[in-house]
$ cat my_file09.txt   # compact mmCIF, C-alpha atoms
# COMPACT_ATOMS: atom_id res chain seq x y z
CA MET I 909 -2.48 7.38 -7.94
CA ALA I 910 -5.97 8.90 -7.91
CA ALA I 911 -8.85 6.42 -8.22
CA SER I 912 -10.29 8.25 -11.25
CA LEU I 913 -6.97 8.02 -13.09
CA VAL I 914 -6.68 4.33 -12.23
CA ALA I 915 -10.17 3.70 -13.55
CA ARG I 916 -9.43 5.56 -16.81
CA ARG I 917 -6.26 3.59 -17.37
CA LEU I 918 -7.99 0.28 -16.68
CA MET I 919 -10.77 1.11 -19.14
CA SER I 920 -8.21 2.02 -21.79
CA GLY I 921 -6.59 -1.40 -21.47
CA ILE I 922 -3.25 -0.10 -20.15
CA ALA I 923 -1.65 -2.46 -17.66
CA ILE I 924 -0.73 -0.70 -14.44
CA THR I 925 1.92 -1.82 -12.01
CA GLN I 926 2.72 -0.29 -8.66
CA PRO I 927 6.37 -0.09 -7.57
CA ILE I 928 7.29 -3.51 -6.27
CA ARG I 929 9.38 -3.83 -3.17
CA PRO I 930 11.34 -7.07 -2.76
CA VAL I 931 9.58 -9.18 -0.17
CA ALA I 932 11.32 -11.97 1.65
CA VAL I 933 9.66 -15.31 1.12
CA SER I 934 8.00 -16.15 4.39
CA ALA I 935 6.92 -19.44 5.79
CA VAL I 936 3.68 -20.84 4.47
CA ARG I 937 0.97 -22.50 6.45
CA PRO I 938 -0.93 -25.58 5.31
CA MET I 939 -4.41 -24.57 4.27
CA ALA I 940 -5.75 -28.10 4.47
CA ALA I 941 -6.55 -29.08 8.03
CA THR I 942 -5.36 -32.47 9.23
CA ALA I 943 -8.75 -33.63 10.41
CA ILE I 944 -11.90 -31.92 9.17
CA GLY I 945 -15.31 -33.52 9.46
CA ILE I 946 -17.54 -33.54 6.40
CA ARG I 947 -20.57 -31.29 6.74
CA HIS I 948 -23.06 -29.74 4.40
CA LEU I 949 -21.83 -26.47 2.94
CA PHE I 950 -23.88 -23.30 2.67
CA ALA I 951 -25.19 -24.31 -0.74
CA HIS I 952 -26.80 -27.41 0.77
CA SER I 953 -28.11 -26.02 4.03
CA GLY I 954 -29.29 -22.65 2.73
CA ALA I 955 -26.78 -20.80 4.96
CA TYR I 956 -24.41 -18.28 3.39
CA PRO I 957 -21.08 -17.18 4.82
CA ALA I 958 -21.65 -13.96 6.73
CA THR I 959 -18.05 -12.76 6.70
CA PRO I 960 -14.89 -13.07 4.59
CA ASP I 961 -13.32 -15.18 7.34
CA GLU I 962 -16.21 -17.62 7.23
CA ALA I 963 -15.96 -17.85 3.44
CA LEU I 964 -12.23 -18.58 3.72
CA LYS I 965 -12.99 -21.26 6.30
CA TYR I 966 -15.29 -23.01 3.81
CA LEU I 967 -12.44 -23.09 1.28
CA LYS I 968 -10.00 -24.48 3.83
CA GLU I 969 -12.44 -27.18 4.85
CA GLY I 970 -13.12 -28.09 1.22
CA ASN I 971 -9.42 -28.50 0.43
CA GLY I 972 -9.04 -30.53 3.60
CA ARG I 973 -11.71 -32.97 2.42
CA PHE I 974 -10.12 -33.19 -1.02
CA VAL I 975 -6.65 -33.97 0.36
CA ALA I 976 -8.11 -36.55 2.76
CA GLY I 977 -9.88 -38.33 -0.09
CA LYS I 978 -13.26 -37.50 1.44
CA SER I 979 -14.66 -35.00 -1.07
CA ALA I 980 -18.38 -34.38 -0.62
CA SER I 981 -18.63 -33.27 -4.28
CA PRO I 982 -21.49 -30.86 -3.50
CA ASN I 983 -23.71 -29.16 -6.04
CA ARG I 984 -22.60 -31.22 -9.02
CA ASP I 985 -25.90 -32.65 -10.19
CA LEU I 986 -28.59 -31.55 -12.61
CA GLU I 987 -30.79 -30.33 -9.77
CA ARG I 988 -28.12 -27.82 -8.80
CA VAL I 989 -27.63 -26.81 -12.44
CA LYS I 990 -31.31 -25.95 -12.67
CA SER I 991 -31.40 -24.15 -9.32
CA VAL I 992 -28.67 -21.67 -10.29
CA ALA I 993 -29.79 -21.17 -13.89
CA ALA I 994 -31.62 -17.96 -13.00
CA GLY I 995 -28.82 -16.40 -10.96
CA GLN I 996 -25.62 -16.94 -9.03
CA LYS I 997 -24.27 -15.98 -5.63
CA PRO I 998 -20.73 -17.36 -5.31
CA PHE I 999 -19.16 -17.02 -1.88
CA ALA I 1000 -15.57 -16.88 -3.17
CA ALA I 1001 -13.70 -15.57 -6.21
CA PHE I 1002 -10.38 -16.71 -7.66
CA LEU I 1003 -7.55 -15.37 -9.77
CA ALA I 1004 -6.02 -18.73 -10.65
CA CYS I 1005 -3.56 -20.16 -13.14
CA ALA I 1006 -4.91 -21.68 -16.35
CA ASP I 1007 -2.97 -24.92 -15.79
CA SER I 1008 -5.20 -27.93 -16.55
CA ARG I 1009 -4.02 -29.63 -13.34
CA VAL I 1010 -5.54 -26.96 -11.10
CA PRO I 1011 -9.35 -27.36 -11.31
CA VAL I 1012 -10.46 -24.90 -8.64
CA GLU I 1013 -13.91 -26.33 -7.91
CA ILE I 1014 -12.51 -29.83 -7.43
CA ILE I 1015 -9.53 -29.01 -5.22
CA PHE I 1016 -11.75 -26.94 -2.92
CA ASP I 1017 -14.64 -29.44 -3.11
CA GLN I 1018 -17.23 -27.00 -4.48
CA GLY I 1019 -19.79 -27.16 -7.27
CA PHE I 1020 -21.95 -25.18 -9.67
CA GLY I 1021 -22.47 -21.59 -8.53
CA ASP I 1022 -20.22 -21.80 -5.48
CA VAL I 1023 -17.08 -20.02 -6.72
CA PHE I 1024 -16.40 -17.34 -9.32
CA VAL I 1025 -13.21 -18.32 -11.14
CA THR I 1026 -10.94 -16.36 -13.48
CA ARG I 1027 -7.93 -18.20 -14.90
CA VAL I 1028 -4.88 -17.10 -16.86
CA ALA I 1029 -1.35 -18.46 -17.22
CA GLY I 1030 0.70 -17.20 -14.29
CA ASN I 1031 -2.40 -16.01 -12.39
CA ILE I 1032 -1.62 -12.41 -13.39
CA ALA I 1033 -3.78 -9.39 -12.65
CA THR I 1034 -4.56 -7.82 -16.03
CA PRO I 1035 -7.19 -5.08 -16.49
CA GLU I 1036 -9.62 -7.60 -18.00
CA LEU I 1037 -9.32 -9.98 -15.08
CA ILE I 1038 -9.44 -7.20 -12.51
CA GLY I 1039 -12.71 -6.05 -14.07
CA SER I 1040 -14.07 -9.59 -13.97
CA LEU I 1041 -13.16 -9.93 -10.30
CA GLU I 1042 -14.75 -6.57 -9.52
CA PHE I 1043 -17.95 -8.02 -10.97
CA GLY I 1044 -17.60 -11.26 -9.01
CA THR I 1045 -17.18 -9.41 -5.73
CA ALA I 1046 -19.01 -6.08 -5.95
CA VAL I 1047 -21.94 -7.36 -8.02
CA LEU I 1048 -22.21 -11.07 -7.23
CA GLY I 1049 -21.11 -10.79 -3.62
CA ALA I 1050 -18.05 -13.05 -3.26
CA LYS I 1051 -16.55 -12.37 0.17
CA VAL I 1052 -13.06 -13.78 -0.27
CA LEU I 1053 -10.78 -13.41 -3.30
CA MET I 1054 -7.91 -15.86 -3.57
CA VAL I 1055 -4.90 -15.46 -5.84
CA LEU I 1056 -3.98 -19.09 -6.50
CA GLY I 1057 -0.62 -20.13 -7.88
CA HIS I 1058 0.77 -23.66 -8.05
CA THR I 1059 4.05 -25.51 -7.81
CA ALA I 1060 6.08 -26.03 -10.99
CA CYS I 1061 4.31 -23.16 -12.74
CA GLY I 1062 5.42 -23.07 -16.37
CA ALA I 1063 4.68 -19.37 -16.80
CA VAL I 1064 6.93 -18.42 -13.88
CA ALA I 1065 9.65 -20.85 -15.00
CA ALA I 1066 9.57 -19.43 -18.53
CA THR I 1067 9.84 -15.88 -17.18
CA ALA I 1068 12.83 -16.83 -15.07
CA LYS I 1069 14.51 -18.53 -18.02
CA GLY I 1070 13.78 -15.78 -20.54
CA GLY I 1071 14.57 -16.28 -24.19
CA ASP I 1072 12.44 -16.46 -27.29
CA VAL I 1073 8.97 -18.03 -27.19
CA PRO I 1074 6.33 -18.31 -29.93
CA GLY I 1075 3.50 -15.85 -30.46
CA VAL I 1076 2.66 -13.46 -27.66
CA ILE I 1077 3.51 -15.80 -24.78
CA SER I 1078 6.19 -13.35 -23.67
CA SER I 1079 3.46 -10.80 -22.88
CA LEU I 1080 3.01 -12.72 -19.62
CA TYR I 1081 6.59 -11.98 -18.58
CA TYR I 1082 5.93 -8.30 -17.91
CA HIS I 1083 3.55 -9.14 -15.06
CA ILE I 1084 5.66 -11.93 -13.55
CA LYS I 1085 9.16 -10.38 -13.75
CA PRO I 1086 8.82 -8.30 -10.55
CA ALA I 1087 8.42 -11.51 -8.52
CA VAL I 1088 11.26 -13.27 -10.34
CA ARG I 1089 13.60 -10.32 -9.77
CA ALA I 1090 12.70 -10.17 -6.09
CA CYS I 1091 13.65 -13.85 -5.69
CA GLY I 1092 16.84 -13.76 -7.72
CA GLY I 1093 15.42 -16.01 -10.44
CA ALA I 1094 14.63 -19.00 -8.19
CA VAL I 1095 11.44 -20.51 -9.59
CA GLU I 1096 9.60 -21.92 -6.57
CA PRO I 1097 10.12 -18.85 -4.35
CA SER I 1098 9.10 -16.72 -7.35
CA ILE I 1099 5.81 -18.64 -7.58
CA GLU I 1100 4.97 -17.65 -4.02
CA GLU I 1101 6.16 -14.08 -4.50
CA ASN I 1102 4.11 -13.80 -7.70
CA VAL I 1103 1.01 -14.56 -5.64
CA ARG I 1104 1.89 -11.64 -3.38
CA VAL I 1105 2.63 -9.31 -6.29
CA GLN I 1106 -0.67 -10.06 -8.02
CA ALA I 1107 -2.62 -9.78 -4.76
CA ARG I 1108 -1.11 -6.33 -4.19
CA GLN I 1109 -2.07 -5.34 -7.71
CA LEU I 1110 -5.68 -6.27 -7.05
CA ALA I 1111 -5.82 -4.38 -3.75
CA GLU I 1112 -3.97 -1.28 -4.95
CA VAL I 1113 -5.07 -0.84 -8.57
CA SER I 1114 -8.79 -1.47 -8.23
CA PRO I 1115 -10.74 1.20 -6.33
CA VAL I 1116 -13.69 -1.18 -6.29
CA LEU I 1117 -11.80 -3.98 -4.53
CA ALA I 1118 -10.04 -1.51 -2.24
CA GLY I 1119 -13.40 -0.10 -1.20
CA LEU I 1120 -14.82 -3.54 -0.40
CA ILE I 1121 -11.75 -4.37 1.68
CA LYS I 1122 -12.03 -1.09 3.60
CA GLU I 1123 -15.69 -1.79 4.34
CA GLY I 1124 -14.88 -5.27 5.64
CA LYS I 1125 -16.86 -6.95 2.87
CA LEU I 1126 -13.91 -8.61 1.16
CA LYS I 1127 -10.61 -10.24 2.03
CA ILE I 1128 -7.87 -10.92 -0.52
CA VAL I 1129 -5.76 -13.96 0.30
CA GLY I 1130 -3.05 -15.98 -1.42
CA GLY I 1131 -2.41 -19.67 -1.89
CA VAL I 1132 -0.16 -22.10 -3.75
CA TYR I 1133 -1.53 -25.47 -4.85
CA ASP I 1134 0.87 -28.41 -4.62
CA LEU I 1135 0.54 -30.47 -7.79
CA ALA I 1136 1.94 -33.55 -6.05
CA THR I 1137 -0.15 -33.56 -2.86
CA GLY I 1138 -3.32 -31.60 -3.64
CA THR I 1139 -2.72 -29.32 -0.65
CA VAL I 1140 -3.24 -25.56 -0.92
CA LYS I 1141 -0.78 -23.65 1.24
CA GLU I 1142 -1.80 -20.21 2.43
CA ILE I 1143 0.69 -17.50 1.48
CA ALA I 1144 1.16 -14.60 3.86
CA LEU I 1145 0.63 -11.39 1.89

$ encode --input "my_file09.txt" --output "structure tokens"
Amino acid sequence: MAASLVARRLMSGIAITQPIRPVAVSAVRPMAATAIGIRHLFAHSGAYPATPDEALKYLKEGNGRFVAGKSASPNRDLERVKSVAAGQKPFAAFLACADSRVPVEIIFDQGFGDVFVTRVAGNIATPELIGSLEFGTAVLGAKVLMVLGHTACGAVAATAKGGDVPGVISSLYYHIKPAVRACGGAVEPSIEENVRVQARQLAEVSPVLAGLIKEGKLKIVGGVYDLATGTVKEIAL
């Protein structure tokens, strides 16, 4: 689909989905390292991740500290609030689920101004959220964009179950059904596959994100947060 047509459809508020090919659920790798020393992050030292890989490394280290019970809790004081009042330069962006048990800054041990977070039930890539993430990356400079699902996701479970729900909750189903179909209705595999589906949407639908990826300025990655352990597992896209 031509980039200009994609842009027009996004601006008109029409959700776009690319043909989804069933993808076998692959093994996942623990994102949290078993032994990571605590060190000052870029926001403390004045350094800034130079590459997407370095930005992803900061996230992995932060989750490692959180899981180990050794969170540094950086940039969470009034001094930091004042220092970023005039502008922000987050090193990472997120398309995460709205679940109250998945506070992105806490589970990755970050603070004010460190990460640019968008959240919606089912971590789905809608035109509004794609536009927000284009801003967080192309304008603000985030170098890694993580699609973050979580275990026992209610939005995925509801999609798999089907049936009547109140209000417009069912509007979420349209975006999640491709993953559920690919996994035969099994909820936990569908959660991982949904991360892949939404990551592909971001990379294929947005010419802005696609351009940043091509230039080596951005990497899109996937993860699933374990509600029981606090560990974020990296999902192969």

$ closest_residue --input "my_file09.txt" --among "I:Gln996, I:Gly1019, I:Leu1120, I:Leu1003" --to "I:Thr1034" --atoms "all atoms listed in the file"
I:Leu1003

$ closest_residue --input "my_file09.txt" --among "I:Cys1005, I:Leu1053, I:Ala1068, I:Val1073" --to "I:Lys1127" --atoms "all atoms listed in the file"
I:Leu1053

$ closest_residue --input "my_file09.txt" --among "I:Ile1121, I:Leu1041, I:Val1116, I:Cys1061" --to "I:Ser1008" --atoms "all atoms listed in the file"
I:Cys1061

$ closest_residue --input "my_file09.txt" --among "I:Ala955, I:Lys1085, I:Met1054, I:Asp961" --to "I:Glu1142" --atoms "all atoms listed in the file"
I:Met1054

$ atom_distance --input "my_file09.txt" --atom1 "atom CA of I:Leu1080" --atom2 "atom CA of I:Ala1063"
7.4 Å

$ atom_distance --input "my_file09.txt" --atom1 "atom CA of I:Glu1042" --atom2 "atom CA of I:Val1105"
17.9 Å

$ atom_distance --input "my_file09.txt" --atom1 "atom CA of I:Ile1099" --atom2 "atom CA of I:Ile1014"
21.5 Å

$ closest_residue --input "my_file09.txt" --among "I:Ala1050, I:Ile1015, I:Ile1077, I:Leu1117" --to "I:Phe974" --atoms "only C-alpha atoms"
I:Ile1015

$ closest_residue --input "my_file09.txt" --among "I:Asn1102, I:Arg984, I:Tyr1082, I:Phe1016" --to "I:Gly972" --atoms "only C-alpha atoms"
I:Phe1016

$ residues_around --input "my_file09.txt" --residues "I:Val1023" --least-positions-apart "5" --cutoff "8 Å" --atoms "only C-alpha atoms" --output "NGL selection string"
:I and (998-1002 or 1013 or 1018 or 1050)

$ residues_around --input "my_file09.txt" --residues "I:Ile1032" --least-positions-apart "5" --cutoff "12 Å" --atoms "all atoms listed in the file" --output "count of residues only"
37
